[in-house]
file structure_29.cif (mmCIF, C-alpha atoms and all ligand atoms)
data_work
loop_
_atom_site.group_PDB
_atom_site.id
_atom_site.type_symbol
_atom_site.label_atom_id
_atom_site.label_comp_id
_atom_site.auth_asym_id
_atom_site.auth_seq_id
_atom_site.Cartn_x
_atom_site.Cartn_y
_atom_site.Cartn_z
ATOM 1 C CA MET G 315 27.258 80.986 45.478
ATOM 2 C CA ARG G 316 30.175 82.702 43.781
ATOM 3 C CA VAL G 317 32.587 79.950 44.676
ATOM 4 C CA SER G 318 30.392 77.313 43.117
ATOM 5 C CA VAL G 319 30.020 79.343 39.902
ATOM 6 C CA VAL G 320 33.781 79.636 39.624
ATOM 7 C CA LEU G 321 34.173 75.924 40.246
ATOM 8 C CA LEU G 322 31.578 75.155 37.592
ATOM 9 C CA LEU G 323 33.375 77.407 35.103
ATOM 10 C CA LEU G 324 36.650 75.714 35.914
ATOM 11 C CA CYS G 325 35.105 72.324 35.345
ATOM 12 C CA LEU G 326 33.588 73.359 32.018
ATOM 13 C CA SER G 327 36.849 74.815 30.740
ATOM 14 C CA SER G 328 38.746 71.681 31.669
ATOM 15 C CA VAL G 329 36.190 69.628 29.747
ATOM 16 C CA HIS G 330 36.823 71.898 26.771
ATOM 17 C CA LEU G 331 40.529 71.381 27.219
ATOM 18 C CA TYR G 332 40.189 67.615 27.154
ATOM 19 C CA ARG G 333 37.995 67.758 24.066
ATOM 20 C CA ALA G 334 40.492 69.941 22.286
ATOM 21 C CA VAL G 335 43.274 67.448 23.013
ATOM 22 C CA ASP G 336 41.180 64.443 21.983
ATOM 23 C CA GLN G 337 39.923 65.848 18.729
ATOM 24 C CA PRO G 338 42.148 64.925 15.767
ATOM 25 C CA VAL G 339 43.458 67.709 13.592
ATOM 26 C CA VAL G 340 41.724 67.710 10.225
ATOM 27 C CA GLY G 341 44.057 67.015 7.345
ATOM 28 C CA ASP G 342 46.483 65.116 9.534
ATOM 29 C CA GLU G 343 47.723 61.892 7.912
ATOM 30 C CA GLN G 344 46.773 59.878 10.907
ATOM 31 C CA THR G 345 43.227 61.230 10.760
ATOM 32 C CA GLU G 346 42.784 60.160 7.146
ATOM 33 C CA PHE G 347 44.023 56.718 8.014
ATOM 34 C CA THR G 348 41.564 56.602 10.880
ATOM 35 C CA GLN G 349 38.765 57.706 8.566
ATOM 36 C CA SER G 350 39.419 54.894 6.101
ATOM 37 C CA GLN G 351 39.616 52.459 8.972
ATOM 38 C CA ILE G 352 36.225 53.653 10.118
ATOM 39 C CA GLU G 353 34.820 53.070 6.619
ATOM 40 C CA GLU G 354 36.297 49.610 6.640
ATOM 41 C CA LEU G 355 34.797 48.881 10.048
ATOM 42 C CA LYS G 356 31.434 50.163 8.883
ATOM 43 C CA LYS G 357 31.590 47.768 5.930
ATOM 44 C CA GLN G 358 32.499 44.854 8.190
ATOM 45 C CA ASP G 359 29.633 45.862 10.439
ATOM 46 C CA ARG G 360 27.175 45.714 7.583
ATOM 47 C CA GLY G 361 28.553 42.318 6.643
ATOM 48 C CA LEU G 362 28.038 41.085 10.179
ATOM 49 C CA GLU G 363 24.517 42.447 10.275
ATOM 50 C CA GLY G 364 23.811 40.531 7.081
ATOM 51 C CA SER G 365 25.098 37.263 8.442
ATOM 52 C CA VAL G 366 23.171 37.706 11.675
ATOM 53 C CA ASP G 367 20.006 38.252 9.635
ATOM 54 C CA SER G 368 20.477 35.059 7.647
ATOM 55 C CA THR G 369 21.158 33.092 10.832
ATOM 56 C CA GLU G 370 17.917 34.343 12.297
ATOM 57 C CA LEU G 371 16.056 33.418 9.139
ATOM 58 C CA SER G 372 17.298 29.844 9.104
ATOM 59 C CA ALA G 373 16.596 29.527 12.829
ATOM 60 C CA GLU G 374 12.998 30.524 12.206
ATOM 61 C CA GLU G 375 12.448 28.113 9.344
ATOM 62 C CA PRO G 376 14.398 24.938 10.036
ATOM 63 C CA GLY G 377 12.366 22.853 7.582
ATOM 64 C CA GLU G 378 12.350 24.180 4.046
ATOM 65 C CA GLU G 379 15.190 26.716 4.263
ATOM 66 C CA ASN G 380 17.660 24.198 5.627
ATOM 67 C CA SER G 381 16.546 21.230 3.576
ATOM 68 C CA ASN G 382 19.710 21.218 1.474
ATOM 69 C CA THR G 383 21.844 20.845 4.592
ATOM 70 C CA ALA G 384 19.648 18.430 6.569
ATOM 71 C CA LYS G 385 21.398 15.389 7.977
ATOM 72 C CA VAL G 386 19.299 12.310 8.678
ATOM 73 C CA ALA G 387 20.806 8.881 9.354
ATOM 74 C CA PHE G 388 20.071 6.210 11.921
ATOM 75 C CA SER G 389 20.768 2.643 12.948
ATOM 76 C CA TYR G 390 19.013 1.017 15.858
ATOM 77 C CA ALA G 391 19.151 -2.534 17.175
ATOM 78 C CA SER G 392 16.135 -4.214 18.761
ATOM 79 C CA GLY G 393 17.599 -4.237 22.256
ATOM 80 C CA LEU G 394 15.820 -7.573 22.752
ATOM 81 C CA ASN G 395 17.301 -10.270 24.890
ATOM 82 C CA GLY G 396 15.161 -13.144 23.730
ATOM 83 C CA ASN G 397 12.147 -13.474 21.469
ATOM 84 C CA PHE G 398 9.498 -11.115 20.125
ATOM 85 C CA GLY G 399 6.308 -12.819 18.937
ATOM 86 C CA PRO G 400 4.420 -14.747 17.859
ATOM 87 C CA HIS G 401 1.389 -12.417 17.911
ATOM 88 C CA SER G 402 -2.128 -12.946 16.613
ATOM 89 C CA SER G 403 -1.851 -9.862 14.374
ATOM 90 C CA ASP G 404 0.852 -7.898 12.564
ATOM 91 C CA VAL G 405 2.848 -5.830 15.077
ATOM 92 C CA THR G 406 5.314 -2.972 14.640
ATOM 93 C CA VAL G 407 8.819 -3.949 15.674
ATOM 94 C CA VAL G 408 10.389 -1.455 18.075
ATOM 95 C CA PHE G 409 14.134 -0.905 17.914
ATOM 96 C CA ARG G 410 15.259 0.508 21.231
ATOM 97 C CA LYS G 411 19.039 0.286 21.207
ATOM 98 C CA LYS G 412 20.704 3.216 19.509
ATOM 99 C CA ILE G 413 23.749 2.632 17.346
ATOM 100 C CA THR G 414 23.671 5.910 15.420
ATOM 101 C CA ASP G 415 21.078 8.657 15.342
ATOM 102 C CA VAL G 416 21.677 11.867 13.442
ATOM 103 C CA GLY G 417 18.563 13.985 13.006
ATOM 104 C CA LYS G 418 16.367 12.194 15.566
ATOM 105 C CA ALA G 419 13.755 11.177 12.998
ATOM 106 C CA PHE G 420 13.399 7.608 14.264
ATOM 107 C CA SER G 421 11.506 6.941 17.485
ATOM 108 C CA PRO G 422 12.940 4.143 19.675
ATOM 109 C CA ILE G 423 9.640 4.238 21.585
ATOM 110 C CA THR G 424 7.215 3.583 18.714
ATOM 111 C CA GLY G 425 9.641 2.117 16.138
ATOM 112 C CA VAL G 426 8.421 4.633 13.574
ATOM 113 C CA PHE G 427 10.589 6.833 11.368
ATOM 114 C CA THR G 428 9.013 10.194 10.477
ATOM 115 C CA ALA G 429 10.467 12.008 7.456
ATOM 116 C CA PRO G 430 11.570 15.479 8.599
ATOM 117 C CA LEU G 431 11.567 16.732 5.003
ATOM 118 C CA ARG G 432 10.587 15.673 1.501
ATOM 119 C CA GLY G 433 13.338 13.615 -0.069
ATOM 120 C CA VAL G 434 14.637 10.243 -1.184
ATOM 121 C CA TYR G 435 15.606 7.918 1.650
ATOM 122 C CA TYR G 436 17.067 4.446 1.881
ATOM 123 C CA PHE G 437 16.009 1.931 4.550
ATOM 124 C CA ARG G 438 17.345 -1.479 5.425
ATOM 125 C CA PHE G 439 16.603 -4.113 8.013
ATOM 126 C CA ASN G 440 18.133 -7.331 9.316
ATOM 127 C CA LEU G 441 15.956 -9.562 11.465
ATOM 128 C CA LEU G 442 16.900 -12.907 12.923
ATOM 129 C CA GLY G 443 14.642 -15.907 13.410
ATOM 130 C CA ILE G 444 15.817 -19.058 15.170
ATOM 131 C CA SER G 445 12.641 -20.922 16.055
ATOM 132 C CA SER G 446 9.995 -23.060 14.445
ATOM 133 C CA TYR G 447 7.822 -19.976 13.851
ATOM 134 C CA TRP G 448 7.805 -18.033 10.624
ATOM 135 C CA LEU G 449 10.099 -15.064 10.186
ATOM 136 C CA ALA G 450 7.935 -12.734 8.103
ATOM 137 C CA VAL G 451 8.869 -9.074 8.057
ATOM 138 C CA CYS G 452 7.324 -6.162 6.139
ATOM 139 C CA LEU G 453 8.515 -2.644 5.436
ATOM 140 C CA TYR G 454 5.726 -0.057 5.510
ATOM 141 C CA LYS G 455 5.386 3.467 4.241
ATOM 142 C CA ASN G 456 2.410 4.966 6.049
ATOM 143 C CA HIS G 457 -0.252 2.266 5.614
ATOM 144 C CA THR G 458 1.230 0.854 2.438
ATOM 145 C CA LYS G 459 3.242 -2.335 2.539
ATOM 146 C CA ILE G 460 6.357 -1.783 0.445
ATOM 147 C CA LEU G 461 7.875 -5.238 0.670
ATOM 148 C CA ASP G 462 7.771 -8.507 2.545
ATOM 149 C CA VAL G 463 10.653 -10.837 3.355
ATOM 150 C CA THR G 464 9.706 -14.265 4.671
ATOM 151 C CA LYS G 465 11.861 -17.122 5.917
ATOM 152 C CA TYR G 466 11.124 -20.324 7.691
ATOM 153 C CA PRO G 467 13.960 -20.866 10.176
ATOM 154 C CA LYS G 468 12.939 -24.349 11.426
ATOM 155 C CA GLY G 469 15.275 -23.955 14.374
ATOM 156 C CA GLN G 470 18.182 -22.666 12.292
ATOM 157 C CA TYR G 471 19.577 -19.126 12.247
ATOM 158 C CA LYS G 472 17.831 -17.300 9.384
ATOM 159 C CA TYR G 473 17.927 -13.613 8.605
ATOM 160 C CA ALA G 474 15.199 -11.655 6.905
ATOM 161 C CA VAL G 475 17.099 -8.913 5.126
ATOM 162 C CA GLY G 476 15.516 -6.238 2.991
ATOM 163 C CA GLY G 477 15.659 -2.632 1.990
ATOM 164 C CA ALA G 478 14.080 -0.046 -0.250
ATOM 165 C CA THR G 479 14.645 3.419 -1.620
ATOM 166 C CA LEU G 480 11.600 5.585 -0.906
ATOM 167 C CA LEU G 481 10.475 9.036 -1.936
ATOM 168 C CA LEU G 482 8.914 10.469 1.205
ATOM 169 C CA GLN G 483 6.862 13.575 1.826
ATOM 170 C CA LYS G 484 7.538 15.475 5.012
ATOM 171 C CA GLY G 485 5.666 13.652 7.795
ATOM 172 C CA ASP G 486 5.473 10.259 6.060
ATOM 173 C CA HIS G 487 6.041 7.267 8.322
ATOM 174 C CA VAL G 488 8.301 4.271 7.719
ATOM 175 C CA TYR G 489 8.373 1.246 10.021
ATOM 176 C CA ILE G 490 8.725 -2.511 10.148
ATOM 177 C CA LYS G 491 5.995 -4.962 11.026
ATOM 178 C CA LEU G 492 6.380 -8.515 12.130
ATOM 179 C CA ARG G 493 3.595 -10.563 10.593
ATOM 180 C CA GLN G 494 1.249 -12.612 12.700
ATOM 181 C CA LYS G 495 2.536 -16.009 13.872
ATOM 182 C CA SER G 496 6.104 -14.819 13.313
ATOM 183 C CA GLN G 497 8.955 -14.500 15.740
ATOM 184 C CA VAL G 498 12.275 -12.652 15.844
ATOM 185 C CA SER G 499 15.116 -13.149 18.306
ATOM 186 C CA ASP G 500 18.045 -11.062 19.411
ATOM 187 C CA ASN G 501 20.704 -10.739 22.065
ATOM 188 C CA SER G 502 23.390 -8.199 22.888
ATOM 189 C CA ASP G 503 25.104 -8.914 19.536
ATOM 190 C CA ASN G 504 22.466 -6.930 17.592
ATOM 191 C CA HIS G 505 21.144 -9.523 15.142
ATOM 192 C CA CYS G 506 18.062 -7.352 14.563
ATOM 193 C CA THR G 507 18.667 -3.852 13.233
ATOM 194 C CA PHE G 508 16.840 -1.150 11.329
ATOM 195 C CA SER G 509 18.752 1.558 9.475
ATOM 196 C CA GLY G 510 17.893 4.439 7.214
ATOM 197 C CA PHE G 511 19.241 7.659 5.834
ATOM 198 C CA LEU G 512 18.381 10.588 3.640
ATOM 199 C CA LEU G 513 19.989 10.237 0.205
ATOM 200 C CA PHE G 514 18.975 13.702 -0.957
ATOM 201 C CA PRO G 515 16.178 16.246 -0.403
ATOM 202 C CA MET G 516 13.691 16.953 -3.193
HETATM 203 C C1 LIG D 1 1.368 9.626 5.855
HETATM 204 O O1 LIG D 1 1.072 9.746 7.228
HETATM 205 C C2 LIG D 1 1.377 11.011 7.787
HETATM 206 C C3 LIG D 1 1.138 10.932 9.265
HETATM 207 O O2 LIG D 1 -0.135 10.394 9.545
HETATM 208 C C4 LIG D 1 0.559 12.083 7.102
HETATM 209 O O3 LIG D 1 0.910 13.344 7.604
HETATM 210 C C5 LIG D 1 0.830 12.040 5.600
HETATM 211 O O4 LIG D 1 -0.003 12.945 4.913
HETATM 212 C C6 LIG D 1 0.605 10.644 5.045
HETATM 213 N N1 LIG D 1 1.052 10.609 3.656
HETATM 214 C C7 LIG D 1 0.326 10.091 2.686
HETATM 215 C C8 LIG D 1 0.939 10.124 1.331
HETATM 216 O O5 LIG D 1 -0.763 9.575 2.902
#
call {"tool": "encode", "arguments": {"input": "structure_29.cif", "output": "structure tokens"}}
result
Amino acid sequence: MRVSVVLLLLCLSSVHLYRAVDQPVVGDEQTEFTQSQIEELKKQDRGLEGSVDSTELSAEEPGEENSNTAKVAFSYASGLNGNFGPHSSDVTVVFRKKITDVGKAFSPITGVFTAPLRGVYYFRFNLLGISSYWLAVCLYKNHTKILDVTKYPKGQYKYAVGGATLLLQKGDHVYIKLRQKSQVSDNSDNHCTFSGFLLFPM
């Protein structure tokens, strides 16, 4: 019993000793320097907290908050090796072969671009016809036809080329339709492409 009490006392006093050595002497130059450093660190800490907060905010709301920094730009080729069409009705042209895709707003499965945010966009297409069928291509915004480019290749190489600047709401769709009785052709040289990009958010 007694031995353990003495040991305990010894331990406690040595802890006190260590504390006394560790503690800086008030008024010492070095202490003041340390104090100002602590203030500085505290300030930096607050700054960091602030930046962490804003990061969390933008992570929570990727749409509206980030709209001024959004990057949207794509170019896809048809990926066809041969002909597409003719069909008995108008059909959406799917562009499967990625050239560039920043923002992943264009679907190479459906051929439809979906605006990730409200803004002004530019779209352009090149489509090749080489047969005796029509080459009639339309650019659509949702269910509205924006423009139509029609050629009659008659066995020659003819390109239907068009483009438009569109003000899109978030969620609006843009795609290309091949009109009925039309045909497009492509090979690995990418004669058929669809491109678009965000000019600026609004
Ligand atoms: C366009 O279509 C999308 C998807 O169906 C829809 O969310 C949006 O409201 C439509 N826009 C207009 C202007 O009709």
call {"tool": "resolve_selection", "arguments": {"input": "structure_29.cif", "expression": "the PyMOL selection byres (((not hetatm)) within 10 of (chain D and resi 1))", "output": "PyMOL selection string"}}
result
chain G and resi 428-429+455-458+482-488
call {"tool": "atom_distance", "arguments": {"input": "structure_29.cif", "atom1": "CA of Pro422 in chain G", "atom2": "CA of Ser402 in chain G"}}
result
23.0 Å
call {"tool": "atom_distance", "arguments": {"input": "structure_29.cif", "atom1": "CA of Lys411 in chain G", "atom2": "CA of Phe437 in chain G"}}
result
17.0 Å
call {"tool": "residues_around", "arguments": {"input": "structure_29.cif", "residues": "Val408 in chain G", "least_positions_apart": "2", "cutoff": "7 Å", "atoms": "all atoms listed in the file", "output": "PDB file with C-alpha atoms, in the coordinates of the input"}}
result
ATOM      1  CA  SER G 392      16.135  -4.214  18.761  1.00  0.00           C
ATOM      2  CA  THR G 406       5.314  -2.972  14.640  1.00  0.00           C
ATOM      3  CA  ARG G 410      15.259   0.508  21.231  1.00  0.00           C
ATOM      4  CA  PRO G 422      12.940   4.143  19.675  1.00  0.00           C
ATOM      5  CA  ILE G 423       9.640   4.238  21.585  1.00  0.00           C
ATOM      6  CA  THR G 424       7.215   3.583  18.714  1.00  0.00           C
ATOM      7  CA  GLY G 425       9.641   2.117  16.138  1.00  0.00           C
TER       8      GLY G 425
END
call {"tool": "resolve_selection", "arguments": {"input": "structure_29.cif", "expression": "the PyMOL selection byres (((chain G and resi 443-447) around 6) and not hetatm)", "output": "ChimeraX atom specification"}}
result
/G:442,448-449,467-472,496-499
call {"tool": "residues_around", "arguments": {"input": "structure_29.cif", "residues": "range 501-511 of chain G", "least_positions_apart": "5", "cutoff": "8 Å", "atoms": "all atoms listed in the file", "output": "tab-separated table (two decimals) with C-alpha atoms, in the frame of the given file"}}
result
chain	number	residue	atom	x	y	z
G	386	VAL	CA	19.30	12.31	8.68
G	387	ALA	CA	20.81	8.88	9.35
G	388	PHE	CA	20.07	6.21	11.92
G	389	SER	CA	20.77	2.64	12.95
G	390	TYR	CA	19.01	1.02	15.86
G	391	ALA	CA	19.15	-2.53	17.18
G	392	SER	CA	16.14	-4.21	18.76
G	393	GLY	CA	17.60	-4.24	22.26
G	394	LEU	CA	15.82	-7.57	22.75
G	395	ASN	CA	17.30	-10.27	24.89
G	396	GLY	CA	15.16	-13.14	23.73
G	409	PHE	CA	14.13	-0.90	17.91
G	435	TYR	CA	15.61	7.92	1.65
G	436	TYR	CA	17.07	4.45	1.88
G	437	PHE	CA	16.01	1.93	4.55
G	438	ARG	CA	17.34	-1.48	5.42
G	439	PHE	CA	16.60	-4.11	8.01
G	440	ASN	CA	18.13	-7.33	9.32
G	441	LEU	CA	15.96	-9.56	11.46
G	442	LEU	CA	16.90	-12.91	12.92
call {"tool": "axis_aligned_box", "arguments": {"input": "structure_29.cif", "around": "range 389-407 of chain G", "padding_each_side": "6 Å", "output": "AutoDock Vina command-line options"}}
result
--center_x 9.3 --center_y -6.1 --center_z 18.7 --size_x 34.9 --size_y 29.4 --size_z 24.3
call {"tool": "decode", "arguments": {"input": "structure_29.cif", "residues": "range 402-422 of chain G", "atoms": "N, CA and C atoms", "output": "CSV table (one decimal), in the first residue's frame"}}
result
chain,number,residue,atom,x,y,z
G,402,SER,N,-39.1,5.0,-93.7
G,402,SER,CA,-40.4,5.4,-94.1
G,402,SER,C,-40.9,6.6,-93.3
G,403,SER,N,-40.1,7.0,-92.2
G,403,SER,CA,-40.4,8.2,-91.5
G,403,SER,C,-39.1,8.9,-91.1
G,404,ASP,N,-39.3,10.1,-90.5
G,404,ASP,CA,-38.1,10.8,-90.1
G,404,ASP,C,-37.5,10.1,-88.9
G,405,VAL,N,-36.2,10.0,-88.9
G,405,VAL,CA,-35.5,9.2,-87.8
G,405,VAL,C,-34.3,10.0,-87.3
G,406,THR,N,-34.2,9.9,-85.9
G,406,THR,CA,-33.0,10.6,-85.3
G,406,THR,C,-31.7,10.0,-85.7
G,407,VAL,N,-30.7,10.8,-86.1
G,407,VAL,CA,-29.4,10.2,-86.4
G,407,VAL,C,-28.6,10.1,-85.2
G,408,VAL,N,-28.1,8.9,-84.9
G,408,VAL,CA,-27.2,8.7,-83.8
G,408,VAL,C,-25.8,8.8,-84.1
G,409,PHE,N,-25.0,9.5,-83.4
G,409,PHE,CA,-23.6,9.7,-83.6
G,409,PHE,C,-22.9,9.0,-82.5
G,410,ARG,N,-22.2,7.9,-82.8
G,410,ARG,CA,-21.7,7.0,-81.8
G,410,ARG,C,-20.2,7.2,-81.5
G,411,LYS,N,-19.5,7.8,-82.5
G,411,LYS,CA,-18.0,7.8,-82.4
G,411,LYS,C,-17.5,9.1,-81.8
G,412,LYS,N,-17.0,9.0,-80.6
G,412,LYS,CA,-16.6,10.3,-79.9
G,412,LYS,C,-15.3,10.9,-80.5
G,413,ILE,N,-15.4,12.2,-80.7
G,413,ILE,CA,-14.2,12.9,-81.1
G,413,ILE,C,-13.7,13.7,-79.9
G,414,THR,N,-14.7,14.5,-79.4
G,414,THR,CA,-14.5,15.3,-78.2
G,414,THR,C,-15.8,15.3,-77.4
G,415,ASP,N,-15.7,15.2,-76.1
G,415,ASP,CA,-16.9,15.3,-75.2
G,415,ASP,C,-16.5,15.9,-73.9
G,416,VAL,N,-16.7,17.1,-73.7
G,416,VAL,CA,-16.5,17.8,-72.4
G,416,VAL,C,-17.9,18.1,-71.9
G,417,GLY,N,-18.2,17.6,-70.7
G,417,GLY,CA,-19.5,17.9,-70.1
G,417,GLY,C,-20.6,16.8,-70.2
G,418,LYS,N,-20.3,15.8,-71.1
G,418,LYS,CA,-21.2,14.7,-71.3
G,418,LYS,C,-22.7,15.0,-71.4
G,419,ALA,N,-23.0,16.0,-72.3
G,419,ALA,CA,-24.4,16.4,-72.4
G,419,ALA,C,-25.0,15.8,-73.7
G,420,PHE,N,-24.2,15.2,-74.5
G,420,PHE,CA,-24.6,14.5,-75.7
G,420,PHE,C,-24.6,13.0,-75.5
G,421,SER,N,-25.7,12.4,-75.9
G,421,SER,CA,-25.8,10.9,-75.7
G,421,SER,C,-25.5,10.2,-77.0
G,422,PRO,N,-24.4,9.4,-77.0
G,422,PRO,CA,-24.1,8.6,-78.2
G,422,PRO,C,-25.0,7.4,-78.4
